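Chemist: The file below is entry-v3.csv, CSV, C-alpha atoms:
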chain,number,residue,atom,x,y,z
C,1,MET,CA,7.1,-66.8,1.4
C,2,ALA,CA,6.4,-65.5,4.8
C,3,THR,CA,6.5,-61.8,5.1
C,4,PRO,CA,6.8,-60.7,8.6
C,5,THR,CA,3.6,-59.3,9.8
C,6,GLY,CA,3.3,-56.2,12.0
C,7,ALA,CA,2.5,-58.4,14.9
C,8,GLU,CA,5.8,-60.2,14.6
C,9,GLY,CA,8.0,-57.4,13.6
C,10,GLY,CA,6.6,-54.9,16.0
C,11,THR,CA,6.3,-56.4,19.4
C,12,THR,CA,9.8,-55.4,20.5
C,13,PRO,CA,9.2,-53.0,23.3
C,14,PRO,CA,11.7,-50.1,23.0
C,15,GLY,CA,13.9,-50.1,26.0
C,16,GLY,CA,12.0,-53.1,27.4
C,17,ALA,CA,13.5,-55.9,29.4
C,18,ASP,CA,16.9,-55.5,27.8
C,19,SER,CA,19.5,-57.1,29.9
C,20,ALA,CA,22.0,-54.4,28.9
C,21,ASP,CA,19.5,-51.8,29.9
C,22,THR,CA,20.2,-51.5,33.6
C,23,ASP,CA,19.0,-47.9,33.7
C,24,ALA,CA,15.7,-48.2,35.7
C,25,GLY,CA,14.5,-45.0,34.0
C,26,THR,CA,13.8,-46.7,30.7
C,27,PHE,CA,11.0,-48.8,32.3
C,28,TYR,CA,9.0,-45.6,32.7
C,29,GLU,CA,9.4,-44.4,29.2
C,30,CYS,CA,6.4,-43.8,27.1
C,31,ASN,CA,6.1,-46.3,24.3
C,32,ILE,CA,5.4,-43.6,21.8
C,33,CYS,CA,7.8,-40.7,22.4
C,34,LEU,CA,10.4,-42.9,24.1
C,35,ASP,CA,10.8,-40.3,26.8
C,36,THR,CA,9.9,-40.5,30.5
C,37,ALA,CA,6.1,-40.6,30.5
C,38,ARG,CA,4.5,-37.3,31.3
C,39,ASP,CA,0.9,-37.4,32.5
C,40,PRO,CA,1.3,-41.2,32.4
C,41,VAL,CA,-1.5,-43.6,31.7
C,42,VAL,CA,-1.3,-47.4,31.6
C,43,SER,CA,-3.5,-49.5,29.4
C,44,MET,CA,-5.3,-52.7,30.5
C,45,CYS,CA,-2.6,-54.6,28.8
C,46,GLY,CA,0.0,-53.0,30.9
C,47,HIS,CA,1.7,-50.6,28.5
C,48,LEU,CA,2.7,-47.2,29.6
C,49,PHE,CA,2.1,-44.0,27.6
C,50,CYS,CA,2.1,-40.3,28.0
C,51,TRP,CA,-1.6,-39.3,27.8
C,52,PRO,CA,-0.9,-36.7,25.2
C,53,CYS,CA,0.9,-39.2,23.0
C,54,LEU,CA,-1.8,-41.9,23.3
C,55,HIS,CA,-4.5,-39.3,22.8
C,56,GLN,CA,-2.9,-38.2,19.6
C,57,TRP,CA,-2.5,-41.8,18.4
C,58,LEU,CA,-6.2,-42.5,19.2
C,59,GLU,CA,-7.1,-39.4,17.2
C,60,THR,CA,-5.0,-40.5,14.3
C,61,ARG,CA,-6.8,-43.8,13.9
C,62,PRO,CA,-10.2,-43.4,15.4
C,63,GLN,CA,-11.6,-46.5,13.7
C,64,LYS,CA,-8.7,-48.7,14.9
C,65,GLN,CA,-8.3,-48.2,18.6
C,66,MET,CA,-5.5,-50.6,19.4
C,67,CYS,CA,-2.6,-50.6,21.8
C,68,PRO,CA,0.4,-49.5,19.8
C,69,VAL,CA,2.5,-52.2,21.5
C,70,CYS,CA,0.4,-55.3,21.6
C,71,LYS,CA,-2.7,-54.4,19.5
C,72,ALA,CA,-5.1,-55.1,22.4
C,73,GLY,CA,-8.2,-53.0,22.5
C,74,ILE,CA,-7.6,-49.6,24.0
C,75,GLY,CA,-9.6,-46.4,24.6
C,76,LYS,CA,-10.1,-43.3,26.7
C,77,ASP,CA,-12.0,-45.2,29.3
C,78,LYS,CA,-9.8,-48.3,29.2
C,79,VAL,CA,-6.6,-46.6,30.5
C,80,ILE,CA,-5.7,-45.9,34.1
C,81,PRO,CA,-3.9,-42.7,35.1
C,82,VAL,CA,-0.8,-43.3,37.1
C,83,TYR,CA,-0.1,-40.9,40.0
C,84,GLY,CA,3.4,-41.2,41.6
C,85,ARG,CA,4.1,-39.9,45.1
C,86,GLY,CA,5.3,-36.3,45.2
C,87,SER,CA,3.5,-35.2,42.2
C,88,ASN,CA,1.3,-32.4,43.5
C,89,ASN,CA,-0.9,-32.5,40.4
C,90,GLN,CA,-3.4,-35.2,41.1
C,91,GLN,CA,-5.6,-34.2,38.2
C,92,ASP,CA,-6.7,-37.0,35.9
C,93,PRO,CA,-4.5,-36.4,32.8
C,94,ARG,CA,-7.4,-37.6,30.7
C,95,GLU,CA,-9.3,-34.5,31.7
C,96,LYS,CA,-6.6,-32.2,30.5
C,97,LEU,CA,-7.1,-32.9,26.8
C,98,PRO,CA,-10.8,-32.8,26.3
C,99,PRO,CA,-11.9,-34.9,23.4
C,100,ARG,CA,-12.8,-32.8,20.4
C,101,PRO,CA,-16.5,-32.1,20.2
C,102,ALA,CA,-18.3,-34.5,17.9
C,103,GLY,CA,-19.3,-33.3,14.5
C,104,GLN,CA,-22.8,-32.1,14.2
C,105,ARG,CA,-24.9,-33.7,11.6
C,106,SER,CA,-28.1,-32.0,10.6
C,107,GLU,CA,-30.8,-33.7,8.6
C,108,PRO,CA,-31.2,-32.7,5.0
C,109,GLU,CA,-33.9,-30.2,4.3
C,110,ASN,CA,-37.3,-31.6,3.4
C,111,GLN,CA,-37.6,-32.1,-0.4
C,112,GLY,CA,-40.4,-30.5,-2.3
C,113,GLY,CA,-41.5,-27.6,-0.1
C,114,GLY,CA,-44.8,-25.7,-0.6
C,115,PHE,CA,-48.1,-27.5,-0.1
C,116,PRO,CA,-47.4,-30.7,1.7
C,117,GLY,CA,-50.6,-32.5,0.9
C,118,PHE,CA,-50.7,-32.7,-2.8
C,119,GLY,CA,-47.5,-33.3,-4.6
C,120,PHE,CA,-47.4,-35.0,-8.0
C,121,GLY,CA,-43.7,-35.1,-7.9
C,122,ASP,CA,-41.5,-37.6,-9.6
C,123,GLY,CA,-43.0,-40.9,-9.3
C,124,GLY,CA,-45.0,-40.3,-6.1
C,125,PHE,CA,-48.6,-39.6,-5.4
C,126,HIS,CA,-49.4,-37.9,-2.2
C,127,MET,CA,-52.8,-37.7,-0.8
C,128,SER,CA,-54.0,-35.9,2.3
C,129,PHE,CA,-57.4,-35.9,3.9
C,130,GLY,CA,-57.3,-33.3,6.5
C,131,ILE,CA,-58.9,-30.0,7.3
C,132,GLY,CA,-56.9,-27.2,8.7
C,133,ALA,CA,-53.2,-26.9,9.2
C,134,PHE,CA,-52.6,-29.5,11.8
C,135,PRO,CA,-53.8,-32.7,10.2
C,136,PHE,CA,-52.0,-31.9,7.0
C,137,GLY,CA,-48.8,-32.4,8.7
C,138,ILE,CA,-49.8,-35.8,10.0
C,139,PHE,CA,-51.3,-37.1,6.8
C,140,ALA,CA,-48.5,-35.7,4.7
C,141,SER,CA,-46.0,-37.7,6.6
C,142,THR,CA,-48.3,-40.7,6.8
C,143,PHE,CA,-49.0,-40.9,3.1
C,144,ASN,CA,-45.5,-40.1,1.8
C,145,PHE,CA,-44.9,-43.5,0.4
C,146,ASN,CA,-42.3,-42.6,-2.1
C,147,ASP,CA,-39.5,-41.5,0.2
C,148,GLY,CA,-36.8,-44.0,0.8
C,149,ARG,CA,-38.5,-46.6,-1.3
C,150,PRO,CA,-36.3,-49.5,-2.2
C,151,GLY,CA,-35.6,-50.2,-5.9
C,152,PRO,CA,-37.3,-52.9,-7.8
C,153,ALA,CA,-36.3,-56.5,-7.0
C,154,PRO,CA,-33.9,-58.2,-9.4
C,155,PRO,CA,-35.7,-60.0,-12.2
C,156,GLY,CA,-36.3,-63.6,-11.7
C,157,SER,CA,-36.4,-63.4,-7.9
C,158,PRO,CA,-39.5,-64.5,-6.1
C,159,GLN,CA,-40.1,-61.0,-4.9
C,160,ASN,CA,-40.0,-59.8,-8.5
C,161,ARG,CA,-42.6,-62.3,-9.5
C,162,GLU,CA,-44.8,-61.4,-6.6
C,163,GLU,CA,-44.5,-57.7,-7.5
C,164,GLN,CA,-45.5,-58.4,-11.1
C,165,PHE,CA,-48.5,-60.4,-9.9
C,166,LEU,CA,-49.6,-57.6,-7.6
C,167,SER,CA,-49.3,-55.0,-10.3
C,168,LYS,CA,-51.5,-57.2,-12.6
C,169,VAL,CA,-54.1,-57.5,-9.9
C,170,PHE,CA,-54.2,-53.8,-9.3
C,171,LEU,CA,-54.4,-53.2,-13.0
C,172,TRP,CA,-57.5,-55.4,-13.2
C,173,VAL,CA,-59.1,-53.7,-10.2
C,174,ALA,CA,-58.6,-50.4,-11.9
C,175,ILE,CA,-60.1,-51.6,-15.1
C,176,LEU,CA,-63.1,-53.0,-13.3
C,177,PHE,CA,-63.5,-49.8,-11.4
C,178,ILE,CA,-63.5,-47.7,-14.5
C,179,PHE,CA,-65.9,-50.1,-16.2
C,180,TYR,CA,-68.2,-49.8,-13.1
C,181,LEU,CA,-68.0,-46.0,-13.4
C,182,LEU,CA,-69.0,-46.2,-17.1
C,183,ILE,CA,-72.0,-48.4,-16.4
C,184,ALA,CA,-73.3,-46.6,-13.4
T,185,MET,CA,8.6,-31.1,16.9
T,186,ALA,CA,11.2,-31.3,19.7
T,187,SER,CA,9.8,-34.6,20.9
T,188,MET,CA,10.1,-36.1,17.4
T,189,GLU,CA,13.7,-35.1,17.2
T,190,LYS,CA,14.4,-36.6,20.6
T,191,ARG,CA,12.7,-39.8,19.6
T,192,LEU,CA,14.7,-40.0,16.4
T,193,GLN,CA,17.9,-39.4,18.2
T,194,LYS,CA,17.1,-42.2,20.7
T,195,GLU,CA,16.2,-44.5,17.8
T,196,LEU,CA,19.4,-43.7,16.0
T,197,LEU,CA,21.4,-44.4,19.1
T,198,ALA,CA,19.6,-47.7,19.7
T,199,LEU,CA,20.0,-48.8,16.1
T,200,THR,CA,23.8,-47.9,16.1
T,201,LYS,CA,24.3,-49.6,19.5
T,202,ASP,CA,22.1,-52.7,19.0
T,203,PRO,CA,21.4,-53.2,15.3
T,204,PRO,CA,19.6,-56.3,14.0
T,205,ALA,CA,21.9,-58.8,12.3
T,206,GLY,CA,23.1,-57.6,9.0
T,207,VAL,CA,22.2,-54.0,9.6
T,208,LYS,CA,24.7,-51.2,9.7
T,209,VAL,CA,24.0,-47.5,10.2
T,210,ASP,CA,26.4,-44.7,9.6
T,211,SER,CA,25.3,-42.4,12.3
T,212,GLN,CA,27.9,-39.8,11.3
T,213,ARG,CA,26.2,-39.4,8.0
T,214,ILE,CA,22.8,-39.2,9.5
T,215,CYS,CA,23.6,-36.6,12.1
T,216,THR,CA,23.3,-33.8,9.6
T,217,ASN,CA,19.7,-34.5,8.7
T,218,LEU,CA,17.8,-36.6,11.2
T,219,SER,CA,14.7,-37.0,9.1
T,220,GLU,CA,16.5,-38.9,6.3
T,221,TRP,CA,18.5,-42.0,7.1
T,222,THR,CA,20.4,-44.4,4.9
T,223,VAL,CA,20.9,-47.9,6.4
T,224,ASP,CA,23.1,-50.6,5.0
T,225,LEU,CA,21.7,-54.1,4.8
T,226,GLU,CA,23.4,-57.4,4.2
T,227,GLY,CA,21.7,-60.6,3.1
T,228,ALA,CA,21.6,-63.0,6.0
T,229,PRO,CA,23.9,-66.0,5.9
T,230,GLU,CA,22.2,-69.1,4.6
T,231,SER,CA,19.5,-67.1,3.0
T,232,ILE,CA,19.3,-66.7,-0.8
T,233,TYR,CA,20.6,-63.2,-0.5
T,234,GLU,CA,23.7,-64.2,1.4
T,235,GLY,CA,26.6,-61.7,0.8
T,236,GLU,CA,24.4,-59.3,-1.2
T,237,LYS,CA,24.4,-55.7,0.0
T,238,PHE,CA,21.5,-53.3,-0.1
T,239,GLN,CA,20.7,-49.8,1.0
T,240,LEU,CA,17.5,-48.9,2.7
T,241,MET,CA,16.3,-45.3,2.9
T,242,PHE,CA,14.1,-44.0,5.7
T,243,LYS,CA,12.3,-40.6,5.5
T,244,PHE,CA,10.5,-39.5,8.6
T,245,GLY,CA,7.7,-37.0,8.0
T,246,SER,CA,6.6,-34.3,10.4
T,247,ARG,CA,3.8,-36.6,11.9
T,248,TYR,CA,6.3,-39.3,12.8
T,249,PRO,CA,5.8,-41.5,14.9
T,250,PHE,CA,2.1,-41.3,14.5
T,251,GLU,CA,2.6,-41.9,10.8
T,252,SER,CA,4.9,-44.5,9.4
T,253,PRO,CA,8.2,-43.5,7.8
T,254,GLN,CA,8.7,-43.8,4.1
T,255,VAL,CA,11.0,-46.8,3.6
T,256,MET,CA,12.4,-48.0,0.3
T,257,PHE,CA,15.4,-49.6,-1.1
T,258,ILE,CA,17.7,-47.2,-3.0
T,259,GLY,CA,20.9,-47.5,-5.0
T,260,GLU,CA,22.0,-49.8,-7.8
T,261,HIS,CA,21.3,-53.0,-6.0
T,262,ILE,CA,17.6,-53.6,-5.3
T,263,PRO,CA,16.8,-57.1,-4.0
T,264,VAL,CA,14.9,-59.4,-6.3
T,265,HIS,CA,12.0,-60.4,-4.0
T,266,PRO,CA,8.3,-61.0,-4.6
T,267,HIS,CA,7.5,-58.0,-2.4
T,268,VAL,CA,10.1,-55.6,-3.6
T,269,TYR,CA,9.5,-53.7,-6.8
T,270,SER,CA,12.5,-52.9,-9.0
T,271,ASN,CA,12.2,-49.2,-8.1
T,272,GLY,CA,12.8,-50.1,-4.4
T,273,HIS,CA,9.2,-49.9,-3.2
T,274,ILE,CA,8.5,-52.5,-0.5
T,275,CYS,CA,5.1,-54.1,0.1
T,276,LEU,CA,5.1,-54.6,3.8
T,277,SER,CA,2.0,-54.0,5.9
T,278,ILE,CA,3.8,-52.4,8.9
T,279,LEU,CA,4.9,-49.6,6.5
T,280,THR,CA,1.4,-48.4,6.0
T,281,TYR,CA,-1.7,-50.1,7.4
T,282,ASP,CA,-0.2,-51.9,10.3
T,283,TRP,CA,2.1,-49.2,11.4
T,284,SER,CA,2.1,-48.4,15.2
T,285,PRO,CA,4.0,-45.7,17.0
T,286,ALA,CA,5.6,-48.4,19.2
T,287,LEU,CA,7.5,-49.6,16.1
T,288,SER,CA,10.8,-48.1,15.3
T,289,ALA,CA,13.5,-47.9,12.6
T,290,GLN,CA,15.0,-50.9,14.4
T,291,SER,CA,11.9,-53.0,14.1
T,292,VAL,CA,11.4,-52.0,10.5
T,293,CYS,CA,14.9,-53.0,9.7
T,294,LEU,CA,14.3,-56.3,11.5
T,295,SER,CA,11.1,-56.9,9.5
T,296,VAL,CA,12.8,-56.2,6.2
T,297,VAL,CA,15.7,-58.5,7.0
T,298,SER,CA,13.4,-61.2,8.0
T,299,MET,CA,11.3,-60.7,4.9
T,300,LEU,CA,14.4,-61.2,2.8
T,301,SER,CA,15.7,-64.1,4.9
T,302,SER,CA,12.4,-66.1,4.6
T,303,CYS,CA,12.2,-65.8,0.8
T,304,LYS,CA,12.7,-69.0,-1.1
T,305,GLU,CA,12.8,-67.8,-4.6
T,306,LYS,CA,14.2,-64.7,-6.2
T,307,LYS,CA,11.6,-63.1,-8.4
T,308,ARG,CA,9.9,-59.7,-8.9
T,309,PRO,CA,6.3,-59.1,-8.1
T,310,PRO,CA,4.1,-60.2,-11.0
T,311,ASP,CA,2.9,-56.6,-11.7
T,312,ASN,CA,6.3,-55.1,-11.4
T,313,ALA,CA,6.6,-53.6,-14.9
T,314,PHE,CA,3.2,-51.9,-14.7
T,315,TYR,CA,3.7,-50.7,-11.2
T,316,VAL,CA,7.1,-49.2,-11.8
T,317,LYS,CA,5.7,-47.3,-14.8
T,318,THR,CA,2.7,-45.9,-13.0
T,319,CYS,CA,3.5,-45.5,-9.4
T,320,SER,CA,4.2,-42.3,-7.4
T,321,LYS,CA,7.7,-41.6,-6.1
T,322,ASN,CA,6.5,-42.0,-2.6
T,323,PRO,CA,5.6,-45.6,-1.8
T,324,LYS,CA,3.2,-44.4,0.9
T,325,LYS,CA,1.0,-43.0,-1.9
T,326,THR,CA,0.4,-46.5,-3.2
T,327,ARG,CA,-2.7,-48.2,-2.0
T,328,TRP,CA,-1.2,-51.5,-1.0
T,329,TRP,CA,-3.3,-54.6,-0.8
T,330,TYR,CA,-2.2,-57.0,1.8
T,331,HIS,CA,-3.5,-60.5,1.2
T,332,VAL,CA,-4.0,-62.4,4.4
T,333,LEU,CA,-3.2,-66.0,4.0
T,334,LEU,CA,-2.9,-68.9,6.4
T,335,ASN,CA,-4.3,-67.4,9.6
T,336,LYS,CA,-2.7,-64.1,9.3
T,337,VAL,CA,0.9,-65.4,9.5
T,338,GLU,CA,1.8,-65.3,5.9
T,339,ARG,CA,1.0,-62.3,3.8
T,340,ASN,CA,1.1,-61.9,0.2
T,341,SER,CA,0.7,-58.6,-1.4
T,342,VAL,CA,-0.6,-56.8,-4.5
T,343,ASN,CA,-0.2,-53.2,-5.1
T,344,MET,CA,-2.8,-50.9,-6.5
T,345,TYR,CA,-2.1,-47.4,-7.6
T,346,GLU,CA,-4.9,-45.0,-7.7
T,347,GLU,CA,-7.7,-47.3,-8.6
T,348,GLU,CA,-8.7,-50.5,-6.9
T,349,ARG,CA,-8.6,-53.5,-9.2
T,350,PRO,CA,-8.3,-57.1,-8.4
T,351,CYS,CA,-4.9,-58.2,-9.7
T,352,ASP,CA,-4.1,-61.4,-11.4
T,353,MET,CA,-1.7,-62.4,-8.6
T,354,LYS,CA,-3.1,-64.9,-6.3
Since I need it in another form, could you write the structure as structure tokens?
Modeler:
Amino acid sequence: MATPTGAEGGTTPPGGADSADTDAGTFYECNICLDTARDPVVSMCGHLFCWPCLHQWLETRPQKQMCPVCKAGIGKDKVIPVYGRGSNNQQDPREKLPPRPAGQRSEPENQGGGFPGFGFGDGGFHMSFGIGAFPFGIFASTFNFNDGRPGPAPPGSPQNREEQFLSKVFLWVAILFIFYLLIA
Amino acid sequence: MASMEKRLQKELLALTKDPPAGVKVDSQRICTNLSEWTVDLEGAPESIYEGEKFQLMFKFGSRYPFESPQVMFIGEHIPVHPHVYSNGHICLSILTYDWSPALSAQSVCLSVVSMLSSCKEKKRPPDNAFYVKTCSKNPKKTRWWYHVLLNKVERNSVNMYEEERPCDMK
């Protein structure tokens, strides 16, 4: 059961090379508004659009920048403005509609304010060896091991076995250390 | 919205003047409300829908042509087709995901006609009963799944409403 895809069903250019269409004006119609292209731009694939129309389409689907007619790649810097003779306005149509300013993304605020050196927060041990205000900042950021730490490896994987081995080794080192402290 | 009206008028003229085979538009009836069209379809000769008559409804929203029109079968006679639900909703990628403003009512009609003509077996989609009970009135609110088969030429479809679930249809 072949359902017509968009590519098949949609490549009929409106007012294209129709034999009945002797009106030369239709060749210069925008493929989106079907009217004579105003502030015309042409894509690399040769399709004509009004810049306002194409701009609106590119804004509608920012993640899918495709030529509406042939689905070739398209973008602001991949279209050419068309200037006919007699038009006294030689301004690039692409400059007329400035792209919207990009959204600004600020970093999330630092978690756990207050003293940056010693924090026995959830699951993390921070240590800092500095004197004065300046080194604290450096060490605090150097010894913050708990931020963005990946989760435990899935059980059974080689990484998991390795981790278990390491944790046993450290446990023994700790026990030996305590033992040494008790003796000394 | 003057440009949208102009475009719809041009499309209506083109569809009346040069309709795809089996498509008929009553432009007199549409003139009163340009944003809602009813188009008559007839099953193509030598297809399994030969001689059957259907009605297709187009609703053009205010963002047309940047957004696809709402297209569904209406009336008593809904074609029995693996991509057409018994409430008239059509699973066709150009009606949602693959829509492009260079498409038109004419090309949508052509796609629907060819979708019907290429069908070999009359049957409803496998999830028809469930979909019809749970879907929204507007087919564009459905999250359609387009299955890409055989290097993107053939498409099979599964509809999902509200939540994504792999369906039993393969």
Chemist: Considering only C-alpha atoms, return as number ranges by chain whatever protein or nucleic-acid residues lie within 10 Å of T:Gln254, sequence-local ones (same chain, fewer than 6 positions apart) excluded.
Modeler: T: 220, 241-245, 273-274, 279-280, 322-325
Chemist: Given a cut-off of 6 Å, which residues of chain T touch chain C, counting all atoms listed in the file, written out as a PyMOL selection string?
Modeler: chain T and resi 191+278+282+284-287+291+295+299+303+338-339
Chemist: Check the smallest atom-to-atom distance from each of T:His265, T:Lys317, T:Lys237, T:Lys201 to T:Glu305 using all atoms listed in the file, then report the winner.
Modeler: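 Nearest candidate to T:Glu305 out of T:His265, T:Lys317, T:Lys237, T:Lys201: T:His265.
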Chemist: Just the residues within 9 Å of T:Cys293, please, counting all atoms listed in the file, with nothing from its chain fewer than 6 positions along; format it as a PyMOL selection string.
Modeler: chain T and resi 203-204+207+223+225+240
Chemist: Produce a file of the selected residues containing C-alpha atoms, as a compact mmCIF listing (two decimals), in the frame of the given file.
Modeler:
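The result, stored in result_13.txt:
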# COMPACT_ATOMS: atom_id res chain seq x y z
CA PRO T 203 21.40 -53.20 15.30
CA PRO T 204 19.60 -56.30 14.00
CA VAL T 207 22.20 -54.00 9.60
CA VAL T 223 20.90 -47.90 6.40
CA LEU T 225 21.70 -54.10 4.80
CA LEU T 240 17.50 -48.90 2.70
Chemist: For each of T:Ala289, T:Ile262, T:Cys319, T:Val297, take the minimum atom-to-atom distance to T:Asp202, counting all atoms listed in the file, then give the residue where this is smallest.
Modeler: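 Checking each candidate against T:Asp202, we get T:Ala289 as the closest.
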Chemist: Quote the spacing between atom CA of T:Arg213 and atom CA of T:Glu234 in Å to one decimal place.
Modeler: 25.8 Å
Chemist: In Å to one decimal, how far is atom CA of T:Thr200 from atom CA of T:Cys215?
Modeler: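 Here the two named atoms are 12.0 Å from each other.
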Chemist: Can you tell me, as number ranges by chain, what residues are no more than 8 Å from C:Ser43 when counting all atoms listed in the file, ignoring any on the same chain fewer than 6 positions away?
Modeler: C: 67, 74, 78-80
Chemist: Kindly give the distance, in Å, that separates atom CA of T:Ser211 and atom CA of T:Trp283, rounded to a single decimal.
Modeler: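 According to the coordinates, atom CA of T:Ser211 and atom CA of T:Trp283 are separated by 24.2 Å.
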